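**Q** Quick one: this structure, given as structure tokens, is what I'll be asking you about.
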Amino acid sequence: MRALKDEGVKFIFGYPGGAALHIYDAIFKQKAFEHILVRHEQGATHAADGYSRATGKPGVALVTSGPGATNAITGLATAFMDSIPLIVISGQVQSHLIGTDSFQETDMIGISRPIVKHSFVVHDTKDIPRIVQEAFYIATSGRPGPVVIDIPKDKTDPNHLYDYKREKKVSIRSYQPKALPHPGQIKKASKNILSAERPVIYAGGGVILGNAHKELIALNKILKVPVTNTLMGLGSYPANNKHFMGMLGMHGTYQANMAMHNADLIIAIGARFDDRITNTPALFAPKARIIHIDVDPASISKIINADIPIVGQVKESLTALIKEIKRSKLKIDSDAIDSWNSQIAIWRAKHGLDHELYLKNTKSKMILPQVVVQELYQATKGNAWVTSDVGQHQMFVAQYYHFNKPRRWINSGGLGTMGFGLPAAMGAKLAYPKDEVVCVTGEGSIQMCIQELSTCLQYNLPIKIININNEALGMVRQWQDMNYGGRHSASTYADSLPDFVKLAESYGHVGMKVTKQSQLRKTLDKAFAMKDRLVFVDVYVDPNEHVYPMLVAPSGSMQDMWIKKNTKA
Amino acid sequence: MKRIISILLENKPGALARVVGLFHQRGYNIESLNVGPVFDGTYSRMTVTSRGSESDVEQITKQINKIIDVIKVSDLTEGEHHEYEFILIKYNKFKLTPKIQKILKPLSGKVLEKNANVIVMSAFGPSSDIEKAIKAIGKSNLLEMARSGCLGLHEGEKALKL
């Protein structure tokens with residue numbers, strides 16, 4: 001308890017059980033942090049993860065052995081894929097029972113090995129302070145990630161007394177993450193940037209995790225070149241800046257994908273050339289040289305070869321780059337950049353997203369899901385913390401909600417975990433109780449962690465849930481429409497959906513249902529006016545709507561896009 | 001192309017599993033594997049042989065380097081290096097002819113046990129020479145064998161140390 005307190009832990013999300021009972025008894029006796037009892041361990045890990053994404057501090061989850069530990073696995077994998085600092089403490093059966101298939105025993109270290117940054121087993125009670133300190137250091141430094149601490153029950157026996165010792169500084173001989181970039185590489189990068197004619201800044205989640213959004217903005221105040229964000233990077237560059245092109249990749253904007261394909265220089269910052277970005281790697285950005293800044297050397301030249309690799313913390317690297325650019329005698333060719341920016345504007349005008357759909361009276365009798373997001377943006381004045389689940393609704397938020405600040409957009413990008421949104425919103429709401437926290441979800445995803453509505457009541461977490469209800473697993477259905485002759489195999493369940501209004505009410509919350517566009521904004525305003533209540537807004541939308549643009553896959557490049565139904569750009 | 005990757009890591013429970021698991025997880029194969037404590041016993045040195053292109057191996061070494069318990073990784077095949085493998089081999093009803101003795105001599109072949117029924121021999125040398133020797137001796141009457149997997153060190157002063 002003291003070790004956790006010394007790490008500045010404010011909340012622990014958890015669920016008790018036999019192997020964790022000594023720890024739970026100690027929690028009962030302390031006041032340094034609050035324990036949040038979830039309703040399923042997956043919820044604990046996602047809530048701790050959401051807390052971490054919102055605050056930048058590590059999230060902590062506590063689970064028991066066996067099923068408690070296995071239920072935490074999806075949350076660990078989610079955090080691992082998005083490099084989120086998360087500490088999962090799992091109870092374990094007593095030391096002498098390990099390996100005997102005893103009750104609620106599972107090899108947590110073995111099961112979690114491929115999806116953690118590191119893991120520890122407590123072999124000796126007096127190691128606990130050191131292990132906790134090292135776990136937090138590893139989780140938060142370098143490329144962040146989840147760390148598991150597995151503690152056999154006998155190692156938490158309150159009768160084991162020892163002197164508490166905390167080191168001033170953690171030192172691990174086999175782990176020394178690199179922070180500062182190589183000056184020679186920074187010089188090379190600066191030279192390439194200043195001589196580029198069609199440069200693009202491609203910024204990912206690393207900018208947010210590395211708290212480098214200010215440096216990114218400062219860099220582009222000098223360069224004035226087009227910027228695109230990955231799904232995980234949204235908010236790292238203000239969406240309302242004129243140089244911002246929107247998200248890139250699979251469901252990225254036309255202008256962002258065209259700019260990438262036609263660039264002569266791509267400045268990748270804290271991004272990892274994921275397959276949802278590059279489309280076919282062999283056809284990726286044929287004319288571009290690549291500068292790649294990342295704290296993880298293994299991310300560089302993994303998918304796309306980098307011409308100028310820069311290994312270092314994004315913040316330190318950008319600071320060095322800005323300094324070098326300012327010092328350089330070379331000046332960027334502003335005529336070339338102006339004409340490049342005009343080309344971007346032409347692409348934007350041709351197939352850019354329509355951000356004023358909400359003002360139009362569409363002929364459609366049904367509400368368009370994009371309109372729900374745009375109305376939500378208006379209703380919250382763009383100031384909400386928005387979490388999402390996975391699927392069409394997630395892409396619509398990424399496309400149509402403008403994030404001007406980092407960390408406000410919280411979603412499972414790498415693993416794509418349905419069920420993430422609601423518990424993640426709980427974590428964000430606990431971190432920022434006075435701010436508006438919205439979970440945009442779908443009727444498929446929300447049912448994967450719906451039990452956490454009960455947790456929200458117990459701890460009074462008045463988040464707002466916007467359920468974009470198309471009565472189908474929308475993204476699956478879209479792929480089936482496009483690639484499987486419209487055969488909706490196992491993607492529909494309209495006749496067996498719950499009444500979400502009653503469901504919310506039975507959990508002690510407020511439920512609202514919207515079926516007409518004329519009611520939409522009024523209902524949203526009503527929901528947001530209920531400051532101290534959780535409101536579940538169930539919005540029925542057009543089930544036939546697809547997410548566009550969409551990269552043509554497999555075997556397409558980034559300029560090959562479906563721009564609307566049956567139409568390629 | 002065959003690669004010999006040497007890894008210096010913490011001699012801690014679970015450290016070996018992290019490295020081996022990573023090969024599987026990232027889709028790389030392991031042809032041979034050797035591990036033992038070195039220096040003051042708090043370190044282990046692993047030697048893994050694998051196959052892949054230069055970029056494959058670059059990615060493998062980067063990924064291994066990320067494992068917290070790993071201190072250093074080096075692809076020995078990038079430069080000049082020493083490479084050895086140790087083998088124990090058992091035959092029954094075996095005639096140690098001068099021809100076989102000649103094959104085994106450069107591999108420091110030794111007879112460890114010999115009676116009317118079986119012969120147990122040891123040999124060491126570069127893996128490719130060992131394989132050639134086994135082939136030349138033939139596999140009839142071969143009862144069992146054990147191979148250490150490849151061991152390697154850099155040539156010259158270059159070394160894998162903290």
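By convention here, the chains of the structure tokens are called A, B, ... in the order presented, each chain's residues are numbered starting at 1, and ligands are numbered starting at 1 in the order presented.
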Please run DSSP on the backbone and report, as a PyMOL selection string, all residues within stretch 41-161 of chain A that come out as strand (DSSP E).
**A** chain A and resi 59-63+86-92+118-121+146-152
**Q** Which residues in stretch 46-159 of chain B does DSSP call helix (DSSP H, G or I)? List them as a ChimeraX atom specification.
**A** /B:54-66,76-78,98-107,127-137
**Q** Could you take the residues named above and write them with N, CA and C atoms, as a compact mmCIF listing (two decimals), in the first residue's frame?
**A**
```
# COMPACT_ATOMS: atom_id res chain seq x y z
N GLU B 54 18.57 -9.77 -44.08
CA GLU B 54 19.22 -8.81 -43.21
C GLU B 54 18.18 -7.98 -42.44
N SER B 55 17.10 -7.58 -43.16
CA SER B 55 16.10 -6.75 -42.48
C SER B 55 15.32 -7.57 -41.45
N ASP B 56 15.10 -8.86 -41.74
CA ASP B 56 14.45 -9.73 -40.75
C ASP B 56 15.26 -9.76 -39.46
N VAL B 57 16.58 -9.98 -39.64
CA VAL B 57 17.43 -10.13 -38.47
C VAL B 57 17.56 -8.81 -37.72
N GLU B 58 17.57 -7.71 -38.46
CA GLU B 58 17.62 -6.40 -37.81
C GLU B 58 16.39 -6.24 -36.91
N GLN B 59 15.24 -6.63 -37.44
CA GLN B 59 14.00 -6.53 -36.67
C GLN B 59 14.03 -7.49 -35.46
N ILE B 60 14.53 -8.70 -35.67
CA ILE B 60 14.63 -9.66 -34.55
C ILE B 60 15.51 -9.08 -33.45
N THR B 61 16.68 -8.57 -33.82
CA THR B 61 17.58 -8.09 -32.77
C THR B 61 16.99 -6.87 -32.06
N LYS B 62 16.31 -6.00 -32.81
CA LYS B 62 15.68 -4.85 -32.16
C LYS B 62 14.60 -5.30 -31.18
N GLN B 63 13.80 -6.27 -31.60
CA GLN B 63 12.72 -6.74 -30.72
C GLN B 63 13.29 -7.42 -29.48
N ILE B 64 14.36 -8.22 -29.66
CA ILE B 64 14.96 -8.89 -28.50
C ILE B 64 15.53 -7.84 -27.54
N ASN B 65 16.15 -6.82 -28.12
CA ASN B 65 16.73 -5.76 -27.30
C ASN B 65 15.69 -5.07 -26.41
N LYS B 66 14.43 -5.09 -26.86
CA LYS B 66 13.37 -4.42 -26.08
C LYS B 66 12.99 -5.19 -24.83
N LEU B 76 26.25 -12.19 -34.75
CA LEU B 76 27.67 -12.54 -34.98
C LEU B 76 27.99 -12.65 -36.46
N THR B 77 27.00 -13.07 -37.24
CA THR B 77 27.24 -13.31 -38.66
C THR B 77 27.48 -12.01 -39.43
N GLU B 78 27.27 -10.87 -38.77
CA GLU B 78 27.55 -9.59 -39.41
C GLU B 78 29.05 -9.39 -39.64
N PRO B 98 39.30 -46.70 -40.16
CA PRO B 98 40.24 -45.58 -40.36
C PRO B 98 39.59 -44.43 -41.12
N LYS B 99 38.68 -44.74 -42.02
CA LYS B 99 38.01 -43.69 -42.79
C LYS B 99 37.20 -42.77 -41.85
N ILE B 100 36.47 -43.43 -40.93
CA ILE B 100 35.67 -42.64 -39.97
C ILE B 100 36.58 -41.87 -39.03
N GLN B 101 37.65 -42.51 -38.60
CA GLN B 101 38.60 -41.82 -37.71
C GLN B 101 39.15 -40.56 -38.39
N LYS B 102 39.35 -40.65 -39.70
CA LYS B 102 39.89 -39.52 -40.45
C LYS B 102 38.87 -38.37 -40.50
N ILE B 103 37.59 -38.78 -40.66
CA ILE B 103 36.53 -37.75 -40.68
C ILE B 103 36.46 -37.02 -39.33
N LEU B 104 36.63 -37.81 -38.26
CA LEU B 104 36.42 -37.23 -36.92
C LEU B 104 37.63 -36.46 -36.39
N LYS B 105 38.77 -36.71 -36.95
CA LYS B 105 39.99 -36.13 -36.39
C LYS B 105 39.96 -34.59 -36.33
N PRO B 106 39.64 -33.91 -37.44
CA PRO B 106 39.61 -32.43 -37.35
C PRO B 106 38.53 -31.92 -36.41
N LEU B 107 37.59 -32.79 -36.04
CA LEU B 107 36.52 -32.37 -35.11
C LEU B 107 36.85 -32.82 -33.68
N SER B 127 29.12 -26.00 -37.03
CA SER B 127 27.91 -26.82 -37.24
C SER B 127 27.90 -27.48 -38.61
N SER B 128 28.34 -26.75 -39.64
CA SER B 128 28.27 -27.30 -40.99
C SER B 128 29.21 -28.50 -41.13
N ASP B 129 30.40 -28.43 -40.48
CA ASP B 129 31.34 -29.55 -40.52
C ASP B 129 30.77 -30.75 -39.78
N ILE B 130 30.12 -30.47 -38.65
CA ILE B 130 29.51 -31.56 -37.87
C ILE B 130 28.47 -32.27 -38.72
N GLU B 131 27.65 -31.47 -39.40
CA GLU B 131 26.60 -32.08 -40.22
C GLU B 131 27.19 -32.92 -41.35
N LYS B 132 28.25 -32.39 -41.96
CA LYS B 132 28.91 -33.15 -43.04
C LYS B 132 29.44 -34.49 -42.50
N ALA B 133 30.04 -34.43 -41.30
CA ALA B 133 30.62 -35.64 -40.70
C ALA B 133 29.54 -36.69 -40.43
N ILE B 134 28.42 -36.25 -39.87
CA ILE B 134 27.33 -37.20 -39.57
C ILE B 134 26.86 -37.87 -40.85
N LYS B 135 26.76 -37.06 -41.89
CA LYS B 135 26.31 -37.57 -43.18
C LYS B 135 27.31 -38.60 -43.73
N ALA B 136 28.59 -38.26 -43.61
CA ALA B 136 29.64 -39.14 -44.16
C ALA B 136 29.68 -40.47 -43.41
N ILE B 137 29.48 -40.40 -42.08
CA ILE B 137 29.52 -41.64 -41.29
C ILE B 137 28.29 -42.50 -41.61
```
**Q** Quick one: contact table of chain B to chain A, 8 Å max, nearest atom pair and distance in Å to one decimal per residue, counting only C-alpha atoms, chain and number order, as JSON lines?
**A**
```
{"residue": "B:Leu9", "atom": "CA", "partner": "A:Ser174", "partner_atom": "CA", "distance": 7.6}
{"residue": "B:Glu10", "atom": "CA", "partner": "A:Ser174", "partner_atom": "CA", "distance": 7.4}
{"residue": "B:Arg18", "atom": "CA", "partner": "A:Arg113", "partner_atom": "CA", "distance": 6.9}
{"residue": "B:Gly21", "atom": "CA", "partner": "A:Pro114", "partner_atom": "CA", "distance": 7.3}
{"residue": "B:Leu22", "atom": "CA", "partner": "A:Pro114", "partner_atom": "CA", "distance": 7.1}
{"residue": "B:Gln25", "atom": "CA", "partner": "A:Pro114", "partner_atom": "CA", "distance": 7.0}
{"residue": "B:Gln59", "atom": "CA", "partner": "A:Ala298", "partner_atom": "CA", "distance": 6.4}
{"residue": "B:Lys62", "atom": "CA", "partner": "A:Ala298", "partner_atom": "CA", "distance": 5.1}
{"residue": "B:Gln63", "atom": "CA", "partner": "A:Ala298", "partner_atom": "CA", "distance": 5.9}
{"residue": "B:Lys66", "atom": "CA", "partner": "A:Ala298", "partner_atom": "CA", "distance": 7.9}
{"residue": "B:Ile67", "atom": "CA", "partner": "A:Lys117", "partner_atom": "CA", "distance": 7.5}
{"residue": "B:Ile68", "atom": "CA", "partner": "A:Tyr175", "partner_atom": "CA", "distance": 5.7}
{"residue": "B:Asp69", "atom": "CA", "partner": "A:Ser174", "partner_atom": "CA", "distance": 5.7}
{"residue": "B:Val70", "atom": "CA", "partner": "A:Ser174", "partner_atom": "CA", "distance": 5.8}
{"residue": "B:Ile71", "atom": "CA", "partner": "A:Ser174", "partner_atom": "CA", "distance": 4.5}
```
**Q** Kindly save the residues from that selection, with N, CA and C atoms included, as a short mmCIF file (atom, residue, chain, number, x, y, z; two decimals), in the first residue's frame.
**A**
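Result written to again-v8.cif:
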```cif
data_model
loop_
_atom_site.label_atom_id
_atom_site.label_comp_id
_atom_site.auth_asym_id
_atom_site.auth_seq_id
_atom_site.Cartn_x
_atom_site.Cartn_y
_atom_site.Cartn_z
N LEU B 9 21.85 -11.70 -21.25
CA LEU B 9 20.64 -11.35 -20.50
C LEU B 9 20.78 -11.67 -19.02
N GLU B 10 19.83 -11.18 -18.26
CA GLU B 10 19.83 -11.45 -16.83
C GLU B 10 19.56 -12.93 -16.61
N ARG B 18 10.97 -15.41 -22.10
CA ARG B 18 10.63 -14.16 -22.80
C ARG B 18 11.29 -14.11 -24.18
N GLY B 21 9.80 -17.00 -26.41
CA GLY B 21 8.41 -16.64 -26.74
C GLY B 21 8.36 -15.59 -27.83
N LEU B 22 9.28 -14.65 -27.77
CA LEU B 22 9.28 -13.56 -28.74
C LEU B 22 9.52 -14.08 -30.16
N GLN B 25 6.25 -15.46 -31.22
CA GLN B 25 5.25 -14.40 -31.32
C GLN B 25 5.43 -13.56 -32.58
N GLN B 59 15.24 -6.63 -37.44
CA GLN B 59 14.00 -6.53 -36.67
C GLN B 59 14.03 -7.49 -35.46
N LYS B 62 16.31 -6.00 -32.81
CA LYS B 62 15.68 -4.85 -32.16
C LYS B 62 14.60 -5.30 -31.18
N GLN B 63 13.80 -6.27 -31.60
CA GLN B 63 12.72 -6.74 -30.72
C GLN B 63 13.29 -7.42 -29.48
N LYS B 66 14.43 -5.09 -26.86
CA LYS B 66 13.37 -4.42 -26.08
C LYS B 66 12.99 -5.19 -24.83
N ILE B 67 13.31 -6.49 -24.79
CA ILE B 67 12.96 -7.27 -23.60
C ILE B 67 13.75 -6.71 -22.43
N ILE B 68 13.04 -6.42 -21.36
CA ILE B 68 13.67 -5.71 -20.23
C ILE B 68 14.87 -6.49 -19.68
N ASP B 69 14.78 -7.82 -19.62
CA ASP B 69 15.87 -8.62 -19.05
C ASP B 69 17.08 -8.75 -19.97
N VAL B 70 16.96 -8.30 -21.21
CA VAL B 70 18.07 -8.43 -22.15
C VAL B 70 19.01 -7.24 -22.03
N ILE B 71 20.31 -7.54 -21.95
CA ILE B 71 21.29 -6.47 -21.80
C ILE B 71 21.86 -6.08 -23.15
#
```
**Q** As a list in words, please: the residues near A:Ala345 (cut-off 12 Å, only C-alpha atoms, same-chain neighbours under 3 positions excluded).
**A** Pro226, Lys242, His243, Phe244, Met245, Tyr254, Gln255, Ala256, Met258, Ala259, Asp338, Ser339, Trp340, Asn341, Ser342, Arg348, Ala349, Lys350, His351 and Gly352 of chain A
**Q** Dump C-alpha atoms for the selected residues as a PDB file, in the first residue's frame?
**A**
```
ATOM      1  CA  PRO A 226       0.253  19.994 -44.048  1.00  0.00           C
ATOM      2  CA  LYS A 242      -5.692  25.400 -41.275  1.00  0.00           C
ATOM      3  CA  HIS A 243      -2.761  23.049 -41.906  1.00  0.00           C
ATOM      4  CA  PHE A 244      -4.595  20.083 -40.428  1.00  0.00           C
ATOM      5  CA  MET A 245      -5.799  17.572 -43.018  1.00  0.00           C
ATOM      6  CA  TYR A 254      -9.065  12.129 -49.141  1.00  0.00           C
ATOM      7  CA  GLN A 255      -6.633  15.038 -48.790  1.00  0.00           C
ATOM      8  CA  ALA A 256      -4.543  13.326 -46.089  1.00  0.00           C
ATOM      9  CA  MET A 258      -3.452  11.935 -51.335  1.00  0.00           C
ATOM     10  CA  ALA A 259      -0.897  14.138 -49.608  1.00  0.00           C
ATOM     11  CA  ASP A 338       2.440  27.480 -50.819  1.00  0.00           C
ATOM     12  CA  SER A 339       1.706  25.631 -54.034  1.00  0.00           C
ATOM     13  CA  TRP A 340       1.742  22.313 -52.125  1.00  0.00           C
ATOM     14  CA  ASN A 341      -0.774  23.741 -49.642  1.00  0.00           C
ATOM     15  CA  SER A 342      -2.925  24.912 -52.572  1.00  0.00           C
ATOM     16  CA  ARG A 348     -10.019  18.958 -49.769  1.00  0.00           C
ATOM     17  CA  ALA A 349     -12.548  20.797 -51.939  1.00  0.00           C
ATOM     18  CA  LYS A 350     -12.939  17.794 -54.236  1.00  0.00           C
ATOM     19  CA  HIS A 351     -13.695  15.016 -51.746  1.00  0.00           C
ATOM     20  CA  GLY A 352     -13.260  16.499 -48.283  1.00  0.00           C
TER      21      GLY A 352
END
```
**Q** Which residues come within 8 Å of A:Glu443, counting only C-alpha atoms, excluding same-chain residues fewer than 4 positions away, as a PDB file with N, CA and C atoms, in the first residue's frame?
**A**
```pdb
ATOM      1  N   GLN A 447     -22.673  -3.568 -25.297  1.00  0.00           N
ATOM      2  CA  GLN A 447     -23.114  -4.766 -24.571  1.00  0.00           C
ATOM      3  C   GLN A 447     -21.942  -5.626 -24.099  1.00  0.00           C
ATOM      4  N   ASN A 467     -25.309   6.121 -27.773  1.00  0.00           N
ATOM      5  CA  ASN A 467     -25.331   4.817 -28.427  1.00  0.00           C
ATOM      6  C   ASN A 467     -25.801   4.986 -29.869  1.00  0.00           C
ATOM      7  N   ILE A 468     -24.862   4.888 -30.803  1.00  0.00           N
ATOM      8  CA  ILE A 468     -25.218   5.013 -32.220  1.00  0.00           C
ATOM      9  C   ILE A 468     -25.732   3.651 -32.670  1.00  0.00           C
ATOM     10  N   ASN A 469     -27.044   3.553 -32.667  1.00  0.00           N
ATOM     11  CA  ASN A 469     -27.697   2.249 -32.788  1.00  0.00           C
ATOM     12  C   ASN A 469     -28.144   2.012 -34.230  1.00  0.00           C
ATOM     13  N   ASN A 470     -27.432   1.144 -34.935  1.00  0.00           N
ATOM     14  CA  ASN A 470     -27.866   0.793 -36.293  1.00  0.00           C
ATOM     15  C   ASN A 470     -28.359  -0.655 -36.354  1.00  0.00           C
ATOM     16  N   GLU A 471     -28.589  -1.212 -35.186  1.00  0.00           N
ATOM     17  CA  GLU A 471     -29.136  -2.564 -35.061  1.00  0.00           C
ATOM     18  C   GLU A 471     -28.301  -3.603 -35.805  1.00  0.00           C
ATOM     19  N   ALA A 472     -27.007  -3.364 -35.910  1.00  0.00           N
ATOM     20  CA  ALA A 472     -26.128  -4.313 -36.602  1.00  0.00           C
ATOM     21  C   ALA A 472     -24.686  -4.046 -36.211  1.00  0.00           C
TER      22      ALA A 472
END
```
**Q** What is the atom CA of A:Val147-atom CA of A:Gly75 distance in Å, reported with one decimal?
**A**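 Computing the Euclidean distance for atom CA of A:Val147 and atom CA of A:Gly75 yields 11.7 Å.
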**Q** I'd like the neighbourhood of B:Ile4 as a PyMOL selection string, where a residue qualifies if any of its atoms comes within 10 Å (using only C-alpha atoms), though same-chain residues fewer than 6 positions away should be ignored.
**A** chain B and resi 31-33+47-51+57+74-78+81+83+150-153
**Q** Go ahead and dump the residues you just picked, C-alpha atoms, as a PDB file, in the first residue's frame.
**A**
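Output file selection.pdb follows:
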```pdb
ATOM      1  CA  GLU B  31      17.141 -23.555 -35.556  1.00  0.00           C
ATOM      2  CA  SER B  32      19.238 -24.078 -32.483  1.00  0.00           C
ATOM      3  CA  LEU B  33      19.426 -22.609 -29.036  1.00  0.00           C
ATOM      4  CA  THR B  47      23.125 -18.221 -28.759  1.00  0.00           C
ATOM      5  CA  VAL B  48      20.272 -18.586 -31.212  1.00  0.00           C
ATOM      6  CA  THR B  49      20.620 -19.605 -34.821  1.00  0.00           C
ATOM      7  CA  SER B  50      17.854 -18.501 -37.119  1.00  0.00           C
ATOM      8  CA  ARG B  51      17.310 -17.862 -40.802  1.00  0.00           C
ATOM      9  CA  VAL B  57      17.432 -10.128 -38.466  1.00  0.00           C
ATOM     10  CA  SER B  74      24.584  -9.022 -31.421  1.00  0.00           C
ATOM     11  CA  ASP B  75      24.333 -10.698 -34.824  1.00  0.00           C
ATOM     12  CA  LEU B  76      27.668 -12.545 -34.977  1.00  0.00           C
ATOM     13  CA  THR B  77      27.237 -13.307 -38.665  1.00  0.00           C
ATOM     14  CA  GLU B  78      27.550  -9.587 -39.406  1.00  0.00           C
ATOM     15  CA  HIS B  81      33.396 -14.785 -35.638  1.00  0.00           C
ATOM     16  CA  GLU B  83      31.469 -20.746 -34.343  1.00  0.00           C
ATOM     17  CA  CYS B 150      25.741 -23.379 -32.079  1.00  0.00           C
ATOM     18  CA  LEU B 151      28.063 -21.413 -29.777  1.00  0.00           C
ATOM     19  CA  GLY B 152      29.791 -18.314 -31.016  1.00  0.00           C
ATOM     20  CA  LEU B 153      32.036 -15.396 -30.123  1.00  0.00           C
TER      21      LEU B 153
END
```
**Q** Quick one: residues within 6 Å of A:Lys513, only C-alpha atoms counted, chain neighbours fewer than 3 positions away excluded, as a tab-separated table (two decimals) with N, CA and C atoms, in the first residue's frame?
**A**
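The result, written out as selection_32.tsv:
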```
chain	number	residue	atom	x	y	z
A	537	VAL	N	-28.16	7.82	-24.09
A	537	VAL	CA	-28.96	8.30	-25.22
A	537	VAL	C	-28.86	7.27	-26.35
A	538	ASP	N	-29.98	6.64	-26.62
A	538	ASP	CA	-30.02	5.58	-27.63
A	538	ASP	C	-30.52	6.19	-28.94
A	539	VAL	N	-29.61	6.38	-29.90
A	539	VAL	CA	-29.97	7.06	-31.15
A	539	VAL	C	-30.06	6.05	-32.28
```
**Q** Figure out the distance between atom CA of A:Asn262 and atom CA of A:Val397, please, to one decimal in Å.
**A**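 Spanning atom CA of A:Val397 to atom CA of A:Asn262 is a straight-line distance of 26.6 Å.
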**Q** Which of these, A:Glu324, A:Asp532, A:Asp560, A:Asp25, has the shortest distance to A:Pro158 once you count only C-alpha atoms?
**A**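 For A:Pro158, the nearest of the candidates is A:Asp25.
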**Q** For A:Val510, which of A:Thr55, A:Thr523, A:Ser195, A:Asn229 is the closest residue, counting only C-alpha atoms?
**A**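 Residue with the minimum atom-to-atom distance to A:Val510: A:Thr523.
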**Q** Kindly give the distance, in Å, that separates atom CA of A:Asn257 and atom CA of A:Gly206, rounded to a single decimal.
**A**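 According to the coordinates, atom CA of A:Asn257 and atom CA of A:Gly206 are separated by 20.1 Å.
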**Q** Let me make sure I understand: among A:Lys526, A:Arg198, A:Arg130, A:Arg477, which one has the smallest atom-to-atom distance to A:Lys168 if we use only C-alpha atoms?
**A**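 Of all the options, A:Arg130 lies closest to A:Lys168.
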**Q** Which residues are close to A:Val207, i.e. within 12 Å by only C-alpha atoms, leaving aside same-chain residues fewer than 4 positions away? Reply as a ChimeraX atom specification.
**A** /A:56,83,143,201-203,211-217,229-230,232-237,268-272,293-295,312-318,405-407
